[in-house]
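**Q** I'm passing along start_7.csv; it holds CSV, C-alpha atoms and all ligand atoms.
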```csv
chain,number,residue,atom,x,y,z
O,15,MET,CA,0.0,0.0,0.0
O,16,PRO,CA,1.6,3.3,-1.0
O,17,ARG,CA,1.8,5.9,1.8
O,18,VAL,CA,-0.7,8.8,1.3
O,19,PHE,CA,-0.1,12.4,2.3
O,20,SER,CA,-2.2,15.5,1.7
O,21,GLY,CA,-2.6,18.9,3.4
O,22,ILE,CA,-4.9,21.8,3.6
O,23,GLN,CA,-4.2,25.4,4.7
O,24,PRO,CA,-6.0,26.9,7.7
O,25,SER,CA,-6.3,30.1,5.7
O,26,GLY,CA,-10.1,30.3,6.1
O,27,VAL,CA,-13.2,28.1,6.3
O,28,PRO,CA,-12.8,25.1,3.9
O,29,THR,CA,-14.9,25.5,0.8
O,30,LEU,CA,-16.9,23.3,-1.4
O,31,GLY,CA,-13.9,23.3,-3.8
O,32,ASN,CA,-11.5,22.0,-1.0
O,33,TYR,CA,-14.2,19.4,-0.2
O,34,LEU,CA,-15.0,18.1,-3.7
O,35,GLY,CA,-11.4,18.5,-5.0
O,36,ALA,CA,-9.6,17.1,-2.0
O,37,ILE,CA,-11.0,16.2,1.4
O,38,ARG,CA,-13.9,14.0,0.2
O,39,ASN,CA,-11.3,11.9,-1.8
O,40,TRP,CA,-9.2,11.4,1.3
O,41,VAL,CA,-11.8,9.6,3.3
O,42,PRO,CA,-11.6,6.2,1.6
O,43,MET,CA,-7.8,6.4,1.6
O,44,GLN,CA,-7.4,6.0,5.4
O,45,ALA,CA,-5.0,3.3,6.2
O,46,GLY,CA,-3.5,3.9,9.7
O,47,ASP,CA,0.1,5.1,9.7
O,48,ASP,CA,0.1,5.0,5.9
O,49,SER,CA,-2.3,7.9,5.5
O,50,LEU,CA,-1.3,11.3,6.7
O,51,PHE,CA,-3.6,14.4,6.6
O,52,CYS,CA,-2.1,17.6,7.6
O,53,VAL,CA,-3.4,21.1,8.5
O,54,VAL,CA,-0.6,23.0,6.9
O,55,ASP,CA,-0.3,26.1,9.1
O,56,LEU,CA,3.2,27.0,7.9
O,57,HIS,CA,1.8,27.4,4.4
O,58,ALA,CA,-1.0,29.6,5.7
O,59,ILE,CA,1.5,32.2,6.9
O,60,THR,CA,2.8,32.8,3.4
O,61,ALA,CA,0.1,35.5,3.6
O,62,PHE,CA,-0.4,37.4,6.9
O,63,GLN,CA,-2.7,35.7,9.3
O,64,ASP,CA,-4.1,37.4,12.4
O,65,PRO,CA,-2.7,35.3,15.3
O,66,ALA,CA,-6.0,34.8,17.1
O,67,GLU,CA,-7.6,33.9,13.7
O,68,LEU,CA,-4.9,31.4,12.8
O,69,THR,CA,-5.4,29.6,16.1
O,70,ARG,CA,-9.2,29.5,15.6
O,71,GLN,CA,-9.0,28.5,11.9
O,72,THR,CA,-6.5,25.7,12.6
O,73,ARG,CA,-8.9,24.1,15.1
O,74,GLU,CA,-11.8,24.7,12.8
O,75,MET,CA,-9.9,23.1,9.9
O,76,ALA,CA,-9.2,20.0,12.0
O,77,ALA,CA,-12.8,19.9,13.0
O,78,ALA,CA,-13.9,20.2,9.4
O,79,LEU,CA,-11.6,17.3,8.4
O,80,ILE,CA,-13.0,15.1,11.2
O,81,ALA,CA,-16.6,16.1,10.3
O,82,CYS,CA,-15.9,15.1,6.7
O,83,GLY,CA,-14.9,11.7,7.8
O,84,ILE,CA,-11.2,11.8,8.5
O,85,ASP,CA,-10.9,9.6,11.6
O,86,PRO,CA,-7.8,10.3,13.8
O,87,ALA,CA,-7.9,6.7,14.8
O,88,ARG,CA,-7.8,5.4,11.2
O,89,SER,CA,-5.2,7.9,9.8
O,90,ILE,CA,-2.7,10.4,11.1
O,91,LEU,CA,-4.3,13.9,11.4
O,92,PHE,CA,-1.9,16.6,12.6
O,93,CYS,CA,-0.7,20.1,12.4
O,94,GLN,CA,2.3,20.9,10.2
O,95,SER,CA,4.1,23.2,12.7
O,96,HIS,CA,3.9,20.5,15.4
O,97,VAL,CA,6.4,18.3,13.4
O,98,HIS,CA,9.7,20.1,13.0
O,99,ALA,CA,10.9,17.8,10.2
O,100,HIS,CA,8.7,19.8,7.7
O,101,ALA,CA,10.5,23.1,8.2
O,102,GLU,CA,13.9,21.4,8.3
O,103,LEU,CA,13.5,19.4,5.1
O,104,GLY,CA,11.8,22.5,3.6
O,105,TRP,CA,15.1,24.4,4.1
O,106,ILE,CA,17.1,21.6,2.6
O,107,PHE,CA,14.8,21.6,-0.5
O,108,ASN,CA,15.2,25.4,-0.7
O,109,CYS,CA,18.8,24.6,-1.4
O,110,ILE,CA,18.0,21.8,-4.0
O,111,ALA,CA,15.3,23.6,-6.0
O,112,ARG,CA,16.4,26.0,-8.8
O,113,LEU,CA,15.1,29.5,-9.1
O,114,GLY,CA,14.2,28.8,-12.7
O,115,TRP,CA,11.9,26.0,-11.5
O,116,LEU,CA,10.1,28.3,-9.0
O,117,ASN,CA,9.8,31.0,-11.6
O,118,ARG,CA,7.6,28.8,-13.6
O,119,MET,CA,5.0,28.2,-10.9
O,120,THR,CA,1.7,29.7,-12.0
O,121,GLN,CA,0.1,29.7,-8.5
O,122,PHE,CA,2.8,32.1,-7.3
O,123,LYS,CA,2.0,34.4,-10.2
O,124,ASP,CA,-1.8,34.2,-9.4
O,125,LYS,CA,-1.4,34.6,-5.6
O,126,ALA,CA,1.3,37.3,-5.7
O,127,GLY,CA,-0.8,39.4,-8.1
O,128,LYS,CA,0.5,42.5,-9.7
O,129,ASP,CA,2.8,43.7,-6.9
O,130,ARG,CA,5.2,40.7,-6.9
O,131,GLU,CA,7.9,42.6,-5.1
O,132,ALA,CA,5.6,42.8,-2.1
O,133,ALA,CA,4.9,39.1,-1.9
O,134,SER,CA,6.6,37.1,0.9
O,135,ALA,CA,9.6,35.1,0.2
O,136,GLY,CA,7.7,32.2,1.8
O,137,LEU,CA,5.0,32.4,-0.9
O,138,TYR,CA,7.8,32.0,-3.5
O,139,VAL,CA,9.4,28.9,-1.9
O,140,TYR,CA,6.0,27.4,-0.8
O,141,PRO,CA,6.3,24.5,-3.3
O,142,ASN,CA,9.6,23.5,-1.7
O,143,LEU,CA,7.9,23.2,1.7
O,144,MET,CA,5.1,21.3,0.0
O,145,ALA,CA,7.7,18.9,-1.4
O,146,ALA,CA,9.1,18.5,2.1
O,147,ASP,CA,5.7,17.8,3.5
O,148,ILE,CA,5.4,14.7,1.2
O,149,HIS,CA,9.0,13.5,1.1
O,150,ALA,CA,9.4,13.7,4.9
O,151,TYR,CA,7.2,10.6,5.0
O,152,HIS,CA,8.4,8.9,1.8
O,153,ALA,CA,4.8,9.3,0.8
O,154,THR,CA,4.1,8.3,-2.9
O,155,LEU,CA,0.4,9.1,-3.3
O,156,VAL,CA,-0.9,12.6,-3.1
O,157,PRO,CA,-4.6,13.3,-3.5
O,158,VAL,CA,-5.0,16.9,-4.5
O,159,GLY,CA,-7.1,19.3,-6.6
O,160,ASP,CA,-6.0,20.1,-10.1
O,161,ASP,CA,-4.4,23.4,-9.0
O,162,GLN,CA,-1.6,21.5,-7.3
O,163,ARG,CA,-0.5,19.5,-10.3
O,164,GLN,CA,2.5,21.8,-11.1
O,165,HIS,CA,3.7,21.7,-7.5
O,166,LEU,CA,3.8,18.0,-7.5
O,167,GLU,CA,5.8,17.9,-10.6
O,168,LEU,CA,8.3,20.2,-8.9
O,169,ALA,CA,8.3,17.9,-5.8
O,170,ASN,CA,9.4,15.1,-8.2
O,171,ASP,CA,12.1,17.3,-9.8
O,172,ILE,CA,13.5,18.1,-6.3
O,173,ALA,CA,13.6,14.4,-5.3
O,174,GLU,CA,15.3,13.5,-8.6
O,175,LYS,CA,17.9,16.2,-8.2
O,176,PHE,CA,18.6,15.2,-4.6
O,177,ASN,CA,19.0,11.6,-5.6
O,178,HIS,CA,21.2,12.5,-8.5
O,179,ASP,CA,23.4,15.0,-6.6
O,180,TYR,CA,24.0,12.6,-3.7
O,181,GLY,CA,24.0,9.4,-5.8
O,182,VAL,CA,21.4,7.6,-3.7
O,183,PRO,CA,17.9,6.7,-4.8
O,184,TYR,CA,16.5,8.1,-1.5
O,185,PHE,CA,13.3,10.0,-2.2
O,186,PRO,CA,10.7,8.0,-4.2
O,187,ARG,CA,8.7,9.4,-7.1
O,188,ILE,CA,5.2,10.6,-6.1
O,189,GLU,CA,2.0,10.2,-8.0
O,190,PRO,CA,-0.6,12.9,-7.9
O,191,LEU,CA,-4.1,11.6,-7.6
O,192,ILE,CA,-6.4,14.2,-9.2
O,193,GLN,CA,-9.9,12.8,-9.1
O,194,GLY,CA,-13.3,13.3,-10.5
O,195,VAL,CA,-15.4,15.9,-12.2
O,196,ALA,CA,-14.8,18.4,-9.5
O,197,ALA,CA,-11.0,18.5,-9.4
O,198,ARG,CA,-11.3,22.2,-10.1
O,199,VAL,CA,-14.4,24.0,-8.7
O,200,MET,CA,-14.7,27.5,-9.9
O,201,SER,CA,-15.8,30.8,-8.2
O,202,LEU,CA,-19.5,31.4,-8.2
O,203,ARG,CA,-18.9,34.9,-9.4
O,204,ASP,CA,-16.3,34.2,-12.1
O,205,GLY,CA,-16.2,30.8,-13.9
O,206,THR,CA,-12.6,31.4,-15.0
O,207,LYS,CA,-11.2,31.8,-11.4
O,208,LYS,CA,-11.0,28.9,-8.9
O,209,MET,CA,-13.1,28.9,-5.8
O,210,SER,CA,-10.8,29.9,-2.9
O,211,LYS,CA,-11.3,30.1,0.8
O,212,SER,CA,-9.3,33.4,0.9
O,213,ASP,CA,-11.2,35.1,-2.0
O,214,PRO,CA,-12.3,38.5,-0.6
O,215,SER,CA,-15.9,37.9,-1.8
O,216,ASP,CA,-17.8,35.5,0.4
O,217,GLN,CA,-20.4,35.2,-2.4
O,218,SER,CA,-17.7,33.6,-4.6
O,219,ARG,CA,-17.7,30.4,-2.6
O,220,ILE,CA,-19.7,27.9,-0.5
O,221,ASN,CA,-18.1,27.5,2.9
O,222,LEU,CA,-18.6,24.1,4.7
O,223,THR,CA,-20.1,26.1,7.6
O,224,ASP,CA,-22.8,27.8,5.4
O,225,ASP,CA,-26.3,27.0,6.5
O,226,ALA,CA,-29.1,26.0,4.1
O,227,ASP,CA,-30.4,29.6,3.6
O,228,THR,CA,-26.9,31.0,2.9
O,229,ILE,CA,-26.3,28.2,0.4
O,230,ALA,CA,-29.6,28.8,-1.3
O,231,LEU,CA,-28.9,32.5,-1.5
O,232,LYS,CA,-25.4,32.1,-2.9
O,233,ILE,CA,-26.5,29.6,-5.5
O,234,ARG,CA,-29.5,31.8,-6.6
O,235,ARG,CA,-27.1,34.7,-7.0
O,236,ALA,CA,-24.4,32.6,-8.7
O,237,ARG,CA,-23.5,34.1,-12.0
O,238,THR,CA,-25.0,32.2,-15.0
O,239,ASP,CA,-26.5,33.0,-18.4
O,240,ALA,CA,-29.9,33.0,-20.0
O,241,GLU,CA,-29.2,30.2,-22.5
O,242,PRO,CA,-30.9,26.8,-22.1
O,243,LEU,CA,-28.7,23.9,-21.2
O,244,PRO,CA,-27.3,21.8,-24.1
O,245,GLU,CA,-27.3,18.0,-24.3
O,246,GLN,CA,-23.6,17.5,-23.8
O,247,ILE,CA,-20.8,19.2,-21.8
O,248,GLY,CA,-19.0,20.1,-25.0
O,249,GLY,CA,-21.8,22.6,-25.6
O,250,LEU,CA,-20.7,24.5,-22.5
O,251,GLU,CA,-17.2,25.2,-23.7
O,252,ALA,CA,-17.7,29.0,-23.8
O,253,ARG,CA,-19.9,29.1,-20.7
O,254,PRO,CA,-17.6,28.6,-17.8
O,255,GLU,CA,-20.1,29.5,-15.0
O,256,ALA,CA,-22.7,27.1,-16.5
O,257,ARG,CA,-20.1,24.4,-16.8
O,258,ASN,CA,-19.0,24.9,-13.2
O,259,LEU,CA,-22.6,24.5,-11.8
O,260,VAL,CA,-23.2,21.4,-13.9
O,261,GLY,CA,-19.9,19.9,-12.7
O,262,ILE,CA,-20.7,20.7,-9.1
O,263,LEU,CA,-24.1,19.0,-9.4
O,264,ALA,CA,-22.5,16.0,-11.1
O,265,ALA,CA,-20.0,15.7,-8.3
O,266,LEU,CA,-22.6,16.0,-5.5
O,267,THR,CA,-24.9,13.4,-7.0
O,268,GLY,CA,-22.1,11.0,-8.0
O,269,THR,CA,-22.8,11.2,-11.7
O,270,THR,CA,-21.2,12.8,-14.8
O,271,PRO,CA,-21.8,16.3,-16.3
O,272,ASP,CA,-23.3,14.6,-19.4
O,273,ALA,CA,-25.8,12.6,-17.2
O,274,VAL,CA,-26.8,15.9,-15.5
O,275,LEU,CA,-27.3,17.5,-18.9
O,276,ARG,CA,-29.4,14.5,-20.2
O,277,ASP,CA,-31.8,15.3,-17.3
O,278,HIS,CA,-31.8,19.1,-17.8
O,279,ALA,CA,-31.2,19.7,-21.6
O,280,GLY,CA,-33.3,22.5,-22.9
O,281,LYS,CA,-34.0,23.9,-19.4
O,282,GLY,CA,-32.6,27.0,-17.9
O,283,PHE,CA,-30.9,27.7,-14.5
O,284,SER,CA,-34.2,28.6,-12.9
O,285,GLU,CA,-34.8,24.8,-13.0
O,286,LEU,CA,-31.3,23.6,-12.4
O,287,LYS,CA,-30.5,25.8,-9.4
O,288,PRO,CA,-33.1,24.5,-7.0
O,289,VAL,CA,-31.9,20.9,-7.7
O,290,LEU,CA,-28.4,22.0,-7.1
O,291,ILE,CA,-29.3,23.7,-3.8
O,292,ASP,CA,-31.1,20.6,-2.5
O,293,ALA,CA,-28.1,18.4,-3.4
O,294,MET,CA,-25.7,20.8,-1.7
O,295,VAL,CA,-27.7,21.2,1.4
O,296,ALA,CA,-28.2,17.4,1.7
O,297,GLU,CA,-24.4,16.9,1.5
O,298,LEU,CA,-23.1,19.8,3.6
O,299,ALA,CA,-25.7,20.3,6.4
O,300,PRO,CA,-24.5,17.1,8.3
O,301,ILE,CA,-20.9,18.3,8.0
O,302,ALA,CA,-21.7,21.7,9.4
O,303,ALA,CA,-23.6,20.1,12.2
O,304,ALA,CA,-20.8,17.8,13.1
O,305,MET,CA,-18.3,20.6,13.0
O,306,ARG,CA,-20.3,22.6,15.5
O,307,ARG,CA,-20.4,19.6,17.8
O,308,LEU,CA,-16.7,19.1,17.6
O,309,LEU,CA,-15.9,22.7,18.1
O,310,ASP,CA,-17.8,22.6,21.4
O,311,ASP,CA,-14.9,20.7,22.8
O,312,PRO,CA,-11.7,22.4,21.5
O,313,GLY,CA,-9.6,20.4,24.0
O,314,ALA,CA,-10.5,17.1,22.4
O,315,ILE,CA,-9.4,18.5,19.0
O,316,ASP,CA,-6.1,19.6,20.4
O,317,THR,CA,-5.5,16.2,22.0
O,318,ALA,CA,-6.2,14.5,18.7
O,319,LEU,CA,-3.8,16.8,16.9
O,320,ALA,CA,-1.1,16.2,19.5
O,321,GLU,CA,-1.4,12.4,19.2
O,322,GLY,CA,-1.3,12.8,15.4
O,323,ALA,CA,1.9,14.9,15.6
O,324,ARG,CA,3.6,12.4,17.8
O,325,ARG,CA,2.8,9.6,15.3
O,326,ALA,CA,3.8,11.8,12.3
O,327,ALA,CA,7.1,12.8,13.9
O,328,ALA,CA,7.9,9.1,14.6
O,329,ILE,CA,7.9,8.5,10.8
O,330,ALA,CA,9.4,11.8,9.6
O,331,ASP,CA,12.2,12.3,12.0
O,332,PRO,CA,14.3,9.2,11.0
O,333,ILE,CA,13.7,10.0,7.3
O,334,VAL,CA,15.0,13.5,7.6
O,335,THR,CA,17.9,12.5,9.8
O,336,ARG,CA,18.9,9.9,7.2
O,337,ALA,CA,18.7,12.6,4.4
O,338,LYS,CA,21.0,14.8,6.5
O,339,ALA,CA,23.4,12.0,7.0
O,340,ILE,CA,23.4,11.4,3.2
O,341,MET,CA,24.3,15.1,2.8
O,342,GLY,CA,27.2,14.9,5.2
O,343,PHE,CA,25.8,16.8,8.1
O,344,LEU,CA,27.8,16.0,11.3
O,345,PRO,CA,25.4,13.8,13.3
O,346,ALA,CA,24.1,15.5,16.5
O,347,ARG,CA,24.9,13.6,19.6
W,1,LIG,N1,-11.5,25.3,-6.2
W,1,LIG,C1,-11.0,24.1,-6.0
W,1,LIG,N2,-11.4,23.0,-6.6
W,1,LIG,C2,-10.9,21.8,-6.4
W,1,LIG,N3,-9.9,21.6,-5.5
W,1,LIG,C3,-9.5,22.6,-4.8
W,1,LIG,N4,-8.5,22.8,-3.8
W,1,LIG,C4,-8.4,24.1,-3.4
W,1,LIG,N5,-9.3,24.8,-4.2
W,1,LIG,C5,-10.0,23.9,-5.0
W,1,LIG,C6,-7.8,21.7,-3.2
W,1,LIG,O1,-7.9,21.7,-1.8
W,1,LIG,C7,-6.7,21.2,-1.2
W,1,LIG,C8,-6.3,22.1,-0.1
W,1,LIG,O2,-5.9,23.4,-0.7
W,1,LIG,P1,-5.1,24.4,0.2
W,1,LIG,O3,-5.8,24.9,1.3
W,1,LIG,O4,-3.8,23.7,0.6
W,1,LIG,O5,-4.6,25.5,-0.8
W,1,LIG,P2,-5.3,26.1,-2.1
W,1,LIG,O6,-5.2,25.2,-3.2
W,1,LIG,O7,-4.6,27.4,-2.3
W,1,LIG,O8,-6.8,26.3,-1.6
W,1,LIG,P3,-7.6,27.6,-1.5
W,1,LIG,O9,-9.0,27.3,-1.0
W,1,LIG,O10,-7.5,28.4,-2.8
W,1,LIG,O11,-6.9,28.4,-0.3
W,1,LIG,P4,-6.3,29.9,-0.3
W,1,LIG,O12,-7.5,30.7,-0.6
W,1,LIG,O13,-5.9,30.0,1.1
W,1,LIG,O14,-5.2,29.9,-1.3
W,1,LIG,C9,-5.7,21.1,-2.3
W,1,LIG,O15,-5.6,19.7,-2.7
W,1,LIG,C10,-6.3,21.8,-3.5
W,1,LIG,O16,-5.9,21.3,-4.7
```
Could you express the structure from this file as structure tokens?

**A**
Amino acid sequence: MPRVFSGIQPSGVPTLGNYLGAIRNWVPMQAGDDSLFCVVDLHAITAFQDPAELTRQTREMAAALIACGIDPARSILFCQSHVHAHAELGWIFNCIARLGWLNRMTQFKDKAGKDREAASAGLYVYPNLMAADIHAYHATLVPVGDDQRQHLELANDIAEKFNHDYGVPYFPRIEPLIQGVAARVMSLRDGTKKMSKSDPSDQSRINLTDDADTIALKIRRARTDAEPLPEQIGGLEARPEARNLVGILAALTGTTPDAVLRDHAGKGFSELKPVLIDAMVAELAPIAAAMRRLLDDPGAIDTALAEGARRAAAIADPIVTRAKAIMGFLPAR
């Protein structure tokens, strides 16, 4: 069984995009010490986080993962900053990755925006830390949304260069697992932009904590067009918002966009949106309720994360220590 690693930033409330593109796919991959799910708080601070908010959002993210079905007894659920191996291997990888590789990362360009000079250095080297998150466990299977594909290619380039430079096949190749029709859920306001938890507009996304009325309002207001729906997904090529909503409905109902369109061809969004709202509320309401229950006992969340960190460190520490020995660091006594 390959070891699985994936992470999510506590940079806001998890969205429907995080859920359909990543978290939901993690649930069936739980296999004890071979499945690691991480709240990647070191990644979150690549953009400024208010300290009190970071604490709150980290617990909230852990609660969200448990509410979605990640069971701390059937996998390792932990917080990135609690396991020092991540930052240590991240630094080593800063020295392995080439500037030319990082310059090609499209997510940095998107997130840094126009004023690149003002972006944090952490945002720039973020993919190196992400590579360390995975390689610190010799994990080989990484379930992520489509936006992370390029970062995983870089993680493989880093591993290859390390192995080549030191002449040891130490870090294994990793396989991205990008699943399903909702690997990239788009903003409800702009079908060309991905749905993000840190988007300034709350109307652009569905949060896992949104109640039924909020979900209904956001979907009713979601940008669409006045054209009737075609019979096949190819007919939505130039209609990104329409394609997005059809894709979300397909993901929520466990079907394909073409099957959704077979049921709704010739109809408009006034008919599709209520169906979408019902499917979304049915899926998300139990998650929001479970999150609320879990957050009533923050101590229990902290205890689960502490136990997860202890188990994670027991795997990562020897792997990073061995990498340092390969590089010739004088062993610490
Ligand atoms: N819109 C999306 N559709 C499908 N999958 C998505 N993911 C994120 N957005 C979408 C996947 O969710 C996992 C966790 O992502 P992350 O929190 O580590 O960082 P991100 O990709 O930058 O997510 P956000 O929501 O856009 O966060 P912010 O706004 O803080 O940058 C990843 O597997 C990701 O692919």

**Q** Go through O:Ala111, O:Asp64, O:Arg88, O:Gln71 and flag the residue nearest O:Val41, using only C-alpha atoms for the distances.

**A**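 Distance minimum relative to O:Val41 lands on O:Arg88.
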
**Q** Nearest to O:Glu189: which of O:Arg112, O:Lys208, O:Arg336, O:His152 is it, counting only C-alpha atoms?

**A**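 Using only C-alpha atoms, O:Glu189 sits closest to O:His152.
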
**Q** Using all atoms listed in the file, which residues sit within 9 Å of O:Ala299 once same-chain residues fewer than 2 positions away are excluded, as a list in words?

**A**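 So, after excluding close chain neighbours, the residues are Leu222, Thr223, Asp224, Asp225, Ala226, Met294, Val295, Ala296, Glu297, Ile301, Ala302, Ala303 and Ala304 of chain O.
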
**Q** The selected residues should be written to file as a PDB file, keeping the file's coordinate frame (atoms: C-alpha atoms).

**A**
```pdb
ATOM      1  CA  LEU O 222     -18.600  24.100   4.700  1.00  0.00           C
ATOM      2  CA  THR O 223     -20.100  26.100   7.600  1.00  0.00           C
ATOM      3  CA  ASP O 224     -22.800  27.800   5.400  1.00  0.00           C
ATOM      4  CA  ASP O 225     -26.300  27.000   6.500  1.00  0.00           C
ATOM      5  CA  ALA O 226     -29.100  26.000   4.100  1.00  0.00           C
ATOM      6  CA  MET O 294     -25.700  20.800  -1.700  1.00  0.00           C
ATOM      7  CA  VAL O 295     -27.700  21.200   1.400  1.00  0.00           C
ATOM      8  CA  ALA O 296     -28.200  17.400   1.700  1.00  0.00           C
ATOM      9  CA  GLU O 297     -24.400  16.900   1.500  1.00  0.00           C
ATOM     10  CA  ILE O 301     -20.900  18.300   8.000  1.00  0.00           C
ATOM     11  CA  ALA O 302     -21.700  21.700   9.400  1.00  0.00           C
ATOM     12  CA  ALA O 303     -23.600  20.100  12.200  1.00  0.00           C
ATOM     13  CA  ALA O 304     -20.800  17.800  13.100  1.00  0.00           C
TER      14      ALA O 304
END
```

**Q** Any chance you could tabulate, as JSON lines, the residues of chain O at most 7 Å from ligand LIG 1 (chain W) with each one's nearest atom pair and distance in Å to one decimal, using all atoms listed in the file, in chain and rising number order?

**A**
```
{"residue": "O:Ser20", "atom": "CA", "partner": "W:LIG1", "partner_atom": "O15", "distance": 7.0}
{"residue": "O:Gly21", "atom": "CA", "partner": "W:LIG1", "partner_atom": "O4", "distance": 5.7}
{"residue": "O:Ile22", "atom": "CA", "partner": "W:LIG1", "partner_atom": "O4", "distance": 3.7}
{"residue": "O:Gln23", "atom": "CA", "partner": "W:LIG1", "partner_atom": "O3", "distance": 3.8}
{"residue": "O:Pro24", "atom": "CA", "partner": "W:LIG1", "partner_atom": "O3", "distance": 6.7}
{"residue": "O:Ser25", "atom": "CA", "partner": "W:LIG1", "partner_atom": "O13", "distance": 4.6}
{"residue": "O:Gly26", "atom": "CA", "partner": "W:LIG1", "partner_atom": "O13", "distance": 6.5}
{"residue": "O:Pro28", "atom": "CA", "partner": "W:LIG1", "partner_atom": "O9", "distance": 6.6}
{"residue": "O:Thr29", "atom": "CA", "partner": "W:LIG1", "partner_atom": "O9", "distance": 6.4}
{"residue": "O:Gly31", "atom": "CA", "partner": "W:LIG1", "partner_atom": "C1", "distance": 3.7}
{"residue": "O:Asn32", "atom": "CA", "partner": "W:LIG1", "partner_atom": "O1", "distance": 3.7}
{"residue": "O:Tyr33", "atom": "CA", "partner": "W:LIG1", "partner_atom": "O1", "distance": 6.9}
{"residue": "O:Leu34", "atom": "CA", "partner": "W:LIG1", "partner_atom": "C2", "distance": 6.1}
{"residue": "O:Gly35", "atom": "CA", "partner": "W:LIG1", "partner_atom": "N3", "distance": 3.5}
{"residue": "O:Ala36", "atom": "CA", "partner": "W:LIG1", "partner_atom": "O15", "distance": 4.8}
{"residue": "O:Ala58", "atom": "CA", "partner": "W:LIG1", "partner_atom": "O13", "distance": 6.7}
{"residue": "O:Pro157", "atom": "CA", "partner": "W:LIG1", "partner_atom": "O15", "distance": 6.5}
{"residue": "O:Val158", "atom": "CA", "partner": "W:LIG1", "partner_atom": "O15", "distance": 3.4}
{"residue": "O:Gly159", "atom": "CA", "partner": "W:LIG1", "partner_atom": "O16", "distance": 3.0}
{"residue": "O:Asp160", "atom": "CA", "partner": "W:LIG1", "partner_atom": "O16", "distance": 5.5}
{"residue": "O:Asp161", "atom": "CA", "partner": "W:LIG1", "partner_atom": "O16", "distance": 5.0}
{"residue": "O:Gln162", "atom": "CA", "partner": "W:LIG1", "partner_atom": "O16", "distance": 5.0}
{"residue": "O:Ala196", "atom": "CA", "partner": "W:LIG1", "partner_atom": "C2", "distance": 6.0}
{"residue": "O:Ala197", "atom": "CA", "partner": "W:LIG1", "partner_atom": "C2", "distance": 4.5}
{"residue": "O:Arg198", "atom": "CA", "partner": "W:LIG1", "partner_atom": "N2", "distance": 3.6}
{"residue": "O:Val199", "atom": "CA", "partner": "W:LIG1", "partner_atom": "N2", "distance": 3.8}
{"residue": "O:Met200", "atom": "CA", "partner": "W:LIG1", "partner_atom": "N1", "distance": 5.4}
{"residue": "O:Lys208", "atom": "CA", "partner": "W:LIG1", "partner_atom": "N1", "distance": 4.5}
{"residue": "O:Met209", "atom": "CA", "partner": "W:LIG1", "partner_atom": "N1", "distance": 4.0}
{"residue": "O:Ser210", "atom": "CA", "partner": "W:LIG1", "partner_atom": "O10", "distance": 3.6}
{"residue": "O:Lys211", "atom": "CA", "partner": "W:LIG1", "partner_atom": "O9", "distance": 4.0}
{"residue": "O:Ser212", "atom": "CA", "partner": "W:LIG1", "partner_atom": "O12", "distance": 3.6}
{"residue": "O:Asp213", "atom": "CA", "partner": "W:LIG1", "partner_atom": "O12", "distance": 5.9}
```

**Q** Can you tell me which residues surround O:Ala101 at a distance of at most 8 Å, considering all atoms listed in the file, apart from same-chain residues fewer than 5 positions away, and format the answer as a PDB file with C-alpha atoms, keeping the file's coordinate frame?

**A**
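Dumped everything to selection-v8.pdb:
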```
ATOM      1  CA  SER O  95       4.100  23.200  12.700  1.00  0.00           C
ATOM      2  CA  LEU O 143       7.900  23.200   1.700  1.00  0.00           C
ATOM      3  CA  ALA O 146       9.100  18.500   2.100  1.00  0.00           C
TER       4      ALA O 146
END
```

**Q** Skip O:Leu263 itself and residues of its chain fewer than 3 positions away, then list as a ChimeraX atom specification all residues within 12 Å of it, counting only C-alpha atoms.

**A** /O:30,34,195-196,199,233,256-260,266-275,277-278,286-297

**Q** So which one's closest to O:Arg38, O:Met15, O:Cys82, O:Ala337, O:Ala61? Using all atoms listed in the file, please.

**A**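 The shortest atom-to-atom distance to O:Arg38 comes from O:Cys82.
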
**Q** Just to confirm, what's the straight-line distance from atom CA of O:Gly46 to atom CA of O:Val97 in Å (one decimal)?

**A**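 These two atoms are separated by 17.9 Å.
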
**Q** From the list O:Met341, O:Ala240, O:Ala133, O:Ala81, which residue is nearest O:Gly280 when using only C-alpha atoms?

**A**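 Checking each of O:Met341, O:Ala240, O:Ala133, O:Ala81 against O:Gly280, counting only C-alpha atoms, the winner is O:Ala240.
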
**Q** Please measure the separation of atom CA of O:Arg306 and atom CA of O:Phe92, giving the value in Å to one decimal.

**A**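 Rounded to one decimal, the two atoms are 19.6 Å apart.
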
**Q** For a cut-off of 12 Å around (5.2, 29.9, -2.0), file coordinates, pick out all residues using all atoms listed in the file and list them as a ChimeraX atom specification.

**A** /O:56-61,104,108,116-126,130,133-145,165

**Q** Please, what distance in Å, to one decimal, runs between atom CA of O:Met305 and atom CA of O:Ala77?

**A**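 Interatomic distance, atom CA of O:Met305 to atom CA of O:Ala77: 5.5 Å.
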
**Q** Quick one: residues within 9 Å of stretch 309-323 of chain O, all atoms listed in the file counted, chain neighbours fewer than 4 positions away excluded, as a list in words?

**A**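 Close residues of stretch 309-323 of chain O: Leu50, Arg73, Glu74, Ala76, Ala77, Pro86, Ala87, Ser89, Ile90, Leu91, Phe92, Cys93, Gln94, His96, Val97, Ala304, Met305, Ala327 and Ala328 of chain O.
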